[in-house]
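Listing of run_7.cif; format and content: mmCIF, C-alpha atoms.
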data_start
#
loop_
_atom_site.label_atom_id
_atom_site.label_comp_id
_atom_site.auth_asym_id
_atom_site.auth_seq_id
_atom_site.Cartn_x
_atom_site.Cartn_y
_atom_site.Cartn_z
CA MET A 1 0.00 0.00 0.00
CA LEU A 2 2.86 2.33 0.75
CA CYS A 3 4.49 1.07 -2.44
CA LEU A 4 2.91 -1.60 -4.62
CA ARG A 5 3.45 -2.04 -8.35
CA SER A 6 0.47 -1.52 -10.64
CA GLN A 7 0.15 -3.69 -13.73
CA LEU A 8 -2.85 -2.52 -15.72
CA SER A 9 -3.14 0.10 -18.42
CA TYR A 10 -6.27 1.99 -19.43
CA PRO A 11 -7.52 3.46 -22.70
CA PHE A 12 -7.43 7.23 -23.01
CA SER A 13 -9.78 9.51 -24.89
CA SER A 14 -10.33 13.25 -25.17
CA SER A 15 -13.67 12.89 -23.38
CA SER A 16 -11.94 11.50 -20.30
CA LEU A 17 -9.78 14.62 -20.26
CA SER A 18 -12.86 16.80 -20.00
CA ARG A 19 -14.46 14.65 -17.28
CA ALA A 20 -11.37 14.99 -15.13
CA PHE A 21 -12.17 18.66 -14.67
CA SER A 22 -15.90 18.27 -14.00
CA PRO A 23 -16.71 17.09 -10.45
CA SER A 24 -20.34 16.26 -9.76
CA LYS A 25 -22.56 18.33 -7.43
CA HIS A 26 -22.74 17.34 -3.78
CA ILE A 27 -23.67 18.70 -0.37
CA ARG A 28 -21.82 21.49 1.40
CA HIS A 29 -20.26 21.79 4.84
CA HIS A 30 -18.81 24.83 6.59
CA PHE A 31 -15.22 26.04 6.62
CA LYS A 32 -13.96 29.60 6.36
CA PRO A 33 -12.56 30.06 2.82
CA TYR A 34 -8.87 30.79 2.55
CA SER A 35 -6.93 32.01 -0.48
CA GLN A 36 -3.17 31.90 -0.56
CA THR A 37 -1.83 35.32 -1.51
CA SER A 38 1.83 34.69 -0.77
CA PRO A 39 4.09 31.76 -1.67
CA SER A 40 5.56 31.65 1.84
CA ASN A 41 5.19 28.53 3.94
CA PHE A 42 1.98 28.64 5.98
CA SER A 43 0.98 26.84 9.14
CA ILE A 44 -2.78 27.02 8.79
CA LYS A 45 -4.34 24.33 10.98
CA MET A 46 -7.45 22.34 10.15
CA THR A 47 -10.63 23.64 11.78
CA SER A 48 -13.16 21.50 9.90
CA SER A 49 -14.16 17.88 10.43
CA GLN A 50 -14.00 17.32 6.66
CA THR A 51 -11.69 18.44 3.87
CA ILE A 52 -12.16 17.72 0.16
CA GLU A 53 -9.01 16.36 -1.48
CA HIS A 54 -8.53 16.72 -5.24
CA ILE A 55 -5.64 15.07 -7.08
CA VAL A 56 -5.11 15.40 -10.84
CA LEU A 57 -2.36 13.52 -12.69
CA PHE A 58 -1.09 14.72 -16.07
CA LYS A 59 1.01 13.02 -18.70
CA VAL A 60 2.72 15.71 -20.75
CA LYS A 61 3.41 14.75 -24.36
CA GLU A 62 6.97 13.83 -25.20
CA ASP A 63 9.03 16.57 -26.88
CA THR A 64 6.71 19.30 -25.57
CA ASP A 65 8.46 22.68 -25.54
CA PRO A 66 9.58 23.35 -21.95
CA SER A 67 8.09 26.83 -22.12
CA LYS A 68 4.64 25.30 -22.66
CA VAL A 69 5.10 23.01 -19.66
CA THR A 70 6.07 26.02 -17.57
CA ALA A 71 3.00 27.89 -18.83
CA MET A 72 0.79 24.98 -17.79
CA VAL A 73 2.29 24.78 -14.30
CA ASN A 74 2.16 28.56 -13.79
CA GLY A 75 -1.40 28.73 -15.08
CA LEU A 76 -2.60 26.00 -12.74
CA ASN A 77 -0.70 27.51 -9.82
CA SER A 78 -2.44 30.83 -10.43
CA LEU A 79 -5.79 29.21 -9.58
CA ILE A 80 -4.88 29.42 -5.88
CA SER A 81 -6.33 32.93 -6.11
CA LEU A 82 -9.87 31.56 -6.54
CA ASP A 83 -12.00 31.93 -3.41
CA GLN A 84 -13.06 28.29 -3.40
CA VAL A 85 -9.48 27.00 -3.17
CA LEU A 86 -8.01 26.37 0.28
CA HIS A 87 -4.73 24.97 -1.02
CA LEU A 88 -3.27 24.26 -4.45
CA SER A 89 0.12 22.94 -5.49
CA VAL A 90 1.26 21.65 -8.86
CA GLY A 91 4.57 20.46 -10.26
CA PRO A 92 6.55 17.52 -11.65
CA ILE A 93 6.23 14.07 -10.11
CA PHE A 94 9.31 13.23 -8.04
CA ARG A 95 9.09 9.45 -8.46
CA ASN A 96 6.64 7.17 -10.27
CA ARG A 97 6.48 3.83 -8.47
CA SER A 98 3.93 2.26 -10.84
CA SER A 99 5.54 1.18 -14.08
CA SER A 100 2.35 0.85 -16.13
CA PHE A 101 1.57 4.57 -15.71
CA THR A 102 3.76 7.38 -17.02
CA PHE A 103 2.26 10.52 -15.54
CA THR A 104 4.66 13.45 -15.36
CA HIS A 105 2.92 16.11 -13.24
CA LEU A 106 0.59 16.24 -10.26
CA LEU A 107 -1.88 18.79 -8.92
CA HIS A 108 -3.07 18.64 -5.32
CA SER A 109 -5.76 20.99 -4.05
CA ARG A 110 -8.12 21.19 -1.08
CA TYR A 111 -11.61 22.57 -0.65
CA ASN A 112 -14.12 23.24 2.06
CA SER A 113 -16.89 21.26 0.34
CA LYS A 114 -17.80 19.31 -2.76
CA GLN A 115 -19.79 22.32 -3.92
CA ASP A 116 -16.64 24.45 -3.74
CA LEU A 117 -14.81 21.89 -5.87
CA GLU A 118 -17.67 22.07 -8.38
CA SER A 119 -17.49 25.87 -8.42
CA TYR A 120 -13.72 25.79 -8.90
CA SER A 121 -14.08 23.39 -11.83
CA ALA A 122 -16.67 25.61 -13.53
CA HIS A 123 -14.85 28.90 -12.89
CA PRO A 124 -13.93 30.78 -16.11
CA ASN A 125 -10.29 31.16 -14.99
CA HIS A 126 -9.99 27.43 -14.47
CA LEU A 127 -11.63 26.61 -17.79
CA SER A 128 -9.32 29.08 -19.56
CA VAL A 129 -6.16 27.49 -18.12
CA VAL A 130 -7.37 23.99 -18.94
CA LYS A 131 -8.30 24.85 -22.52
CA GLY A 132 -5.32 27.07 -23.28
CA SER A 133 -2.43 25.52 -21.39
CA VAL A 134 -3.31 21.96 -20.31
CA LEU A 135 -5.28 20.11 -22.99
CA PRO A 136 -2.97 21.03 -25.90
CA ILE A 137 0.10 19.40 -24.30
CA VAL A 138 -1.15 16.33 -22.41
CA ASP A 139 -1.66 12.75 -23.59
CA ASP A 140 -3.40 11.40 -20.52
CA ILE A 141 -5.01 12.63 -17.34
CA MET A 142 -6.85 11.21 -14.36
CA ALA A 143 -8.39 12.69 -11.23
CA VAL A 144 -9.44 11.35 -7.85
CA ASP A 145 -11.51 13.15 -5.21
CA TRP A 146 -12.23 12.10 -1.66
CA ILE A 147 -13.43 13.38 1.70
CA ALA A 148 -10.75 13.39 4.39
CA ASP A 149 -12.51 13.12 7.75
CA ASP A 150 -10.90 14.65 10.84
CA LEU A 151 -7.74 15.66 9.01
CA THR A 152 -5.19 17.11 11.43
CA GLY A 153 -2.14 19.29 10.90
CA ASP A 154 -1.38 21.97 8.35
CA LEU A 155 -3.98 22.81 5.72
CA VAL A 156 -1.15 23.86 3.39
CA PRO A 157 1.72 21.33 3.25
CA PRO A 158 4.96 23.33 3.61
CA GLN A 159 7.13 23.83 0.56
CA GLY A 160 9.68 21.05 0.34
CA SER A 161 7.33 18.51 1.93
CA ALA A 162 7.34 15.09 0.29
CA ILE A 163 3.96 13.54 -0.47
CA ARG A 164 3.22 9.92 -1.28
CA VAL A 165 -0.04 9.50 -3.18
CA SER A 166 -1.55 6.00 -3.37
CA PHE A 167 -4.61 4.97 -5.36
CA LEU A 168 -6.08 1.50 -4.80
CA LYS A 169 -8.29 -0.44 -7.19
CA LEU A 170 -10.15 -3.15 -5.28
CA LYS A 171 -11.17 -6.48 -6.76
CA GLU A 172 -14.70 -6.72 -8.13
CA ASN A 173 -17.63 -7.41 -5.84
CA VAL A 174 -15.90 -6.49 -2.60
CA GLY A 175 -18.33 -5.02 -0.10
CA ASP A 176 -18.33 -1.99 2.12
CA GLN A 177 -16.88 -4.03 4.95
CA VAL A 178 -13.73 -4.69 2.92
CA LYS A 179 -13.49 -1.03 1.94
CA ASP A 180 -13.77 -0.01 5.57
CA GLU A 181 -11.11 -2.55 6.52
CA VAL A 182 -8.69 -1.27 3.88
CA ILE A 183 -9.26 2.34 4.92
CA GLY A 184 -8.77 1.35 8.54
CA VAL A 185 -5.43 -0.29 7.75
CA ILE A 186 -4.27 2.84 5.93
CA LYS A 187 -5.32 5.06 8.83
CA GLY A 188 -3.15 2.95 11.11
CA ILE A 189 0.00 3.43 9.03
CA PRO A 190 1.32 6.46 11.01
CA ASP A 191 1.44 4.25 14.11
CA ASN A 192 4.31 2.34 12.50
CA PHE A 193 5.85 5.07 10.33
CA LYS A 194 6.55 8.01 12.61
CA GLY A 195 7.97 10.15 9.81
CA ILE A 196 4.47 10.83 8.46
CA SER A 197 3.33 14.31 9.52
CA GLN A 198 -0.17 14.04 8.01
CA LEU A 199 -2.31 11.29 6.51
CA SER A 200 -5.43 11.71 4.41
CA VAL A 201 -7.49 8.76 3.19
CA GLY A 202 -10.97 8.19 1.80
CA GLU A 203 -13.16 6.64 -0.86
CA ASN A 204 -13.15 8.30 -4.27
CA PHE A 205 -16.46 10.03 -5.05
CA SER A 206 -15.70 10.69 -8.75
CA PRO A 207 -15.45 7.15 -10.17
CA ALA A 208 -15.94 8.12 -13.81
CA ARG A 209 -12.66 10.04 -13.78
CA ALA A 210 -10.41 7.71 -11.80
CA LYS A 211 -9.68 4.75 -14.10
CA GLY A 212 -11.28 2.32 -11.67
CA PHE A 213 -9.37 3.37 -8.54
CA SER A 214 -11.70 3.65 -5.57
CA ILE A 215 -9.61 4.37 -2.47
CA ALA A 216 -7.04 7.14 -2.20
CA SER A 217 -4.50 8.17 0.39
CA LEU A 218 -2.01 10.97 0.74
CA ALA A 219 0.86 10.82 3.24
CA VAL A 220 2.82 14.01 3.94
CA PHE A 221 6.44 13.83 5.11
CA PRO A 222 8.66 16.74 6.22
CA GLY A 223 11.00 16.01 3.30
CA THR A 224 12.38 13.38 0.95
CA SER A 225 14.73 11.90 3.57
CA GLU A 226 11.78 10.99 5.79
CA LEU A 227 9.94 9.55 2.79
CA GLU A 228 12.91 7.41 1.79
CA ALA A 229 13.32 6.22 5.38
CA VAL A 230 9.97 4.44 5.00
CA ASP A 231 11.30 2.36 2.12
CA SER A 232 14.45 1.51 4.08
CA ASN A 233 12.36 -0.78 6.31
CA PRO A 234 11.08 -3.38 3.80
CA GLU A 235 9.91 -5.86 6.41
CA LEU A 236 7.55 -3.35 7.99
CA VAL A 237 6.41 -2.09 4.58
CA ASN A 238 5.61 -5.63 3.43
CA TYR A 239 3.79 -6.31 6.69
CA GLN A 240 1.48 -3.39 5.97
CA LYS A 241 0.98 -4.48 2.35
CA ASP A 242 0.10 -8.03 3.31
CA LYS A 243 -2.86 -6.82 5.38
CA VAL A 244 -4.72 -5.70 2.24
CA ARG A 245 -2.93 -7.34 -0.68
CA GLY A 246 -5.62 -9.98 -1.17
CA TYR A 247 -8.27 -7.31 -1.80
CA LEU A 248 -6.33 -5.36 -4.44
CA GLU A 249 -6.44 -5.59 -8.21
CA ASN A 250 -4.12 -2.66 -8.88
CA VAL A 251 -2.23 0.10 -7.10
CA LEU A 252 -0.84 3.41 -8.34
CA VAL A 253 1.83 5.03 -6.17
CA LEU A 254 3.49 8.39 -6.86
CA ASP A 255 5.87 10.58 -4.88
CA TYR A 256 5.69 14.36 -5.18
CA VAL A 257 7.63 17.21 -3.58
CA VAL A 258 5.74 20.44 -2.88
CA PRO A 259 7.65 22.98 -4.99
CA HIS A 260 8.65 26.53 -4.18
CA VAL A 261 6.33 28.91 -6.01
CA PRO A 262 7.75 32.39 -6.77
CA ALA A 263 5.49 35.29 -5.81
CA HIS A 264 4.88 36.32 -9.42
CA SER A 265 3.79 32.79 -10.38
CA ALA A 266 1.26 32.54 -7.56
CA SER A 267 -0.45 35.74 -8.65
CA LEU A 268 -0.57 35.31 -12.43
#
Rewritten as structure tokens:
Amino acid sequence: MLCLRSQLSYPFSSSSLSRAFSPSKHIRHHFKPYSQTSPSNFSIKMTSSQTIEHIVLFKVKEDTDPSKVTAMVNGLNSLISLDQVLHLSVGPIFRNRSSSFTFTHLLHSRYNSKQDLESYSAHPNHLSVVKGSVLPIVDDIMAVDWIADDLTGDLVPPQGSAIRVSFLKLKENVGDQVKDEVIGVIKGIPDNFKGISQLSVGENFSPARAKGFSIASLAVFPGTSELEAVDSNPELVNYQKDKVRGYLENVLVLDYVVPHVPAHSASL
């Protein structure tokens, strides 16, 4: 679960690109909106019992002009200015641990409610960036959304933090009891891996956009050294994997480092 190889590939179409930016409408809960106006590291603590997590993975076409990749990253980073967005970070993937997927960039954002995620997706600024800077240079894209209950720690992961993102695809016909068991195992991971500063886990609520992956988790580490320390204990890692391995059809694992965002990029 912390690092399992995925083995399946999925067909890609232009329609799936569009769906990845169109979350469905859901209920709202209360959290004071926050917009990042400075690229400095923040220590904003969670004050809500629920946080909406939104992860988008991009595969940039080979031989794309670097200036166009920079324009995509800067354009997506500029969306932090939207009122609905509590946190947004985007940049290159540090390490892809799933050989059957070749995504190159990752976007992580947080919202107060599903309705705020819907509003963000439909905002003209967002649609303009997607149409002008994202769609022309990507070959593949997927997105996963989940509710993180009782998330503790910083709302905005500090720059330089290392994040391990894991998506699990369960075998067919597993019931809610199995899903709850898998989520429970993931929630217990920080008990054995003390380097994790924050853990978010939940069931994906946008299945049409997630290539069959139904459970997502996001583990935040202070830096890459703490992340790599996890992999230096293979016996403990395998012990955690074995608890859920029999329920899994596929796993996608990616490592990402929260980049430094210059002030001018955050306000484009």
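Each of A:Asn173, A:Val258, A:Thr70, A:Asp150 was compared to Leu88 in chain A using all atoms listed in the file, and A:Val258 turns out to be the nearest.
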How would you write as an MDAnalysis selection string the residues that get within 6 Å of (-7.5, 13.2, -4.5) in the file's frame, counting all atoms listed in the file? chainID A and resid 53:55 144:146
For Asp231 in chain A, which of A:Gly195, A:Gly91, A:Gly132, A:Gly246 is the closest residue, counting only C-alpha atoms? A:Gly195
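When all atoms listed in the file are used to compute distances to Leu236 in chain A, the closest of the residues A:Ile163, A:Ala208, A:Met142, A:Ile189 turns out to be A:Ile189.
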Smallest atom-to-atom distance to Thr224 in chain A: which of A:Leu199, A:Ala143, A:Val257, A:Val174, using only C-alpha atoms? A:Val257
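Straight-line separation from CA of Val237 in chain A to CA of Pro190 in chain A: 11.8 Å.
Considering the residues A:Leu218, A:Leu79, A:Ile52, A:Ile137 and counting all atoms listed in the file, Leu168 in chain A has its shortest atom-to-atom contact with A:Leu218.
Interatomic distance, CA of Ser67 in chain A against CA of Ser89 in chain A: 18.8 Å.
You will find CA of Glu181 in chain A at 11.9 Å from CA of Arg245 in chain A.
If you apply the PyMOL selection byres ((chain A and resi 119) around 10) to this structure, you end up with Ser22, Pro23, Lys25, Leu82, Asp83, Gln84, Val85, Ser113, Lys114, Gln115, Asp116, Leu117, Glu118, Tyr120, Ser121, Ala122, His123, Pro124 and His126 of chain A.
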Tell me which residues the PyMOL selection byres ((chain A and resi 247) around 12) grabs here, as a PyMOL selection string. chain A and resi 1+168-175+177-183+215+241-246+248-251
Please list as a list in words every residue within 9 Å of Arg95 in chain A, counting only C-alpha atoms and excluding residues in the same chain fewer than 6 positions away. Val253, Leu254, Asp255 and Tyr256 of chain A
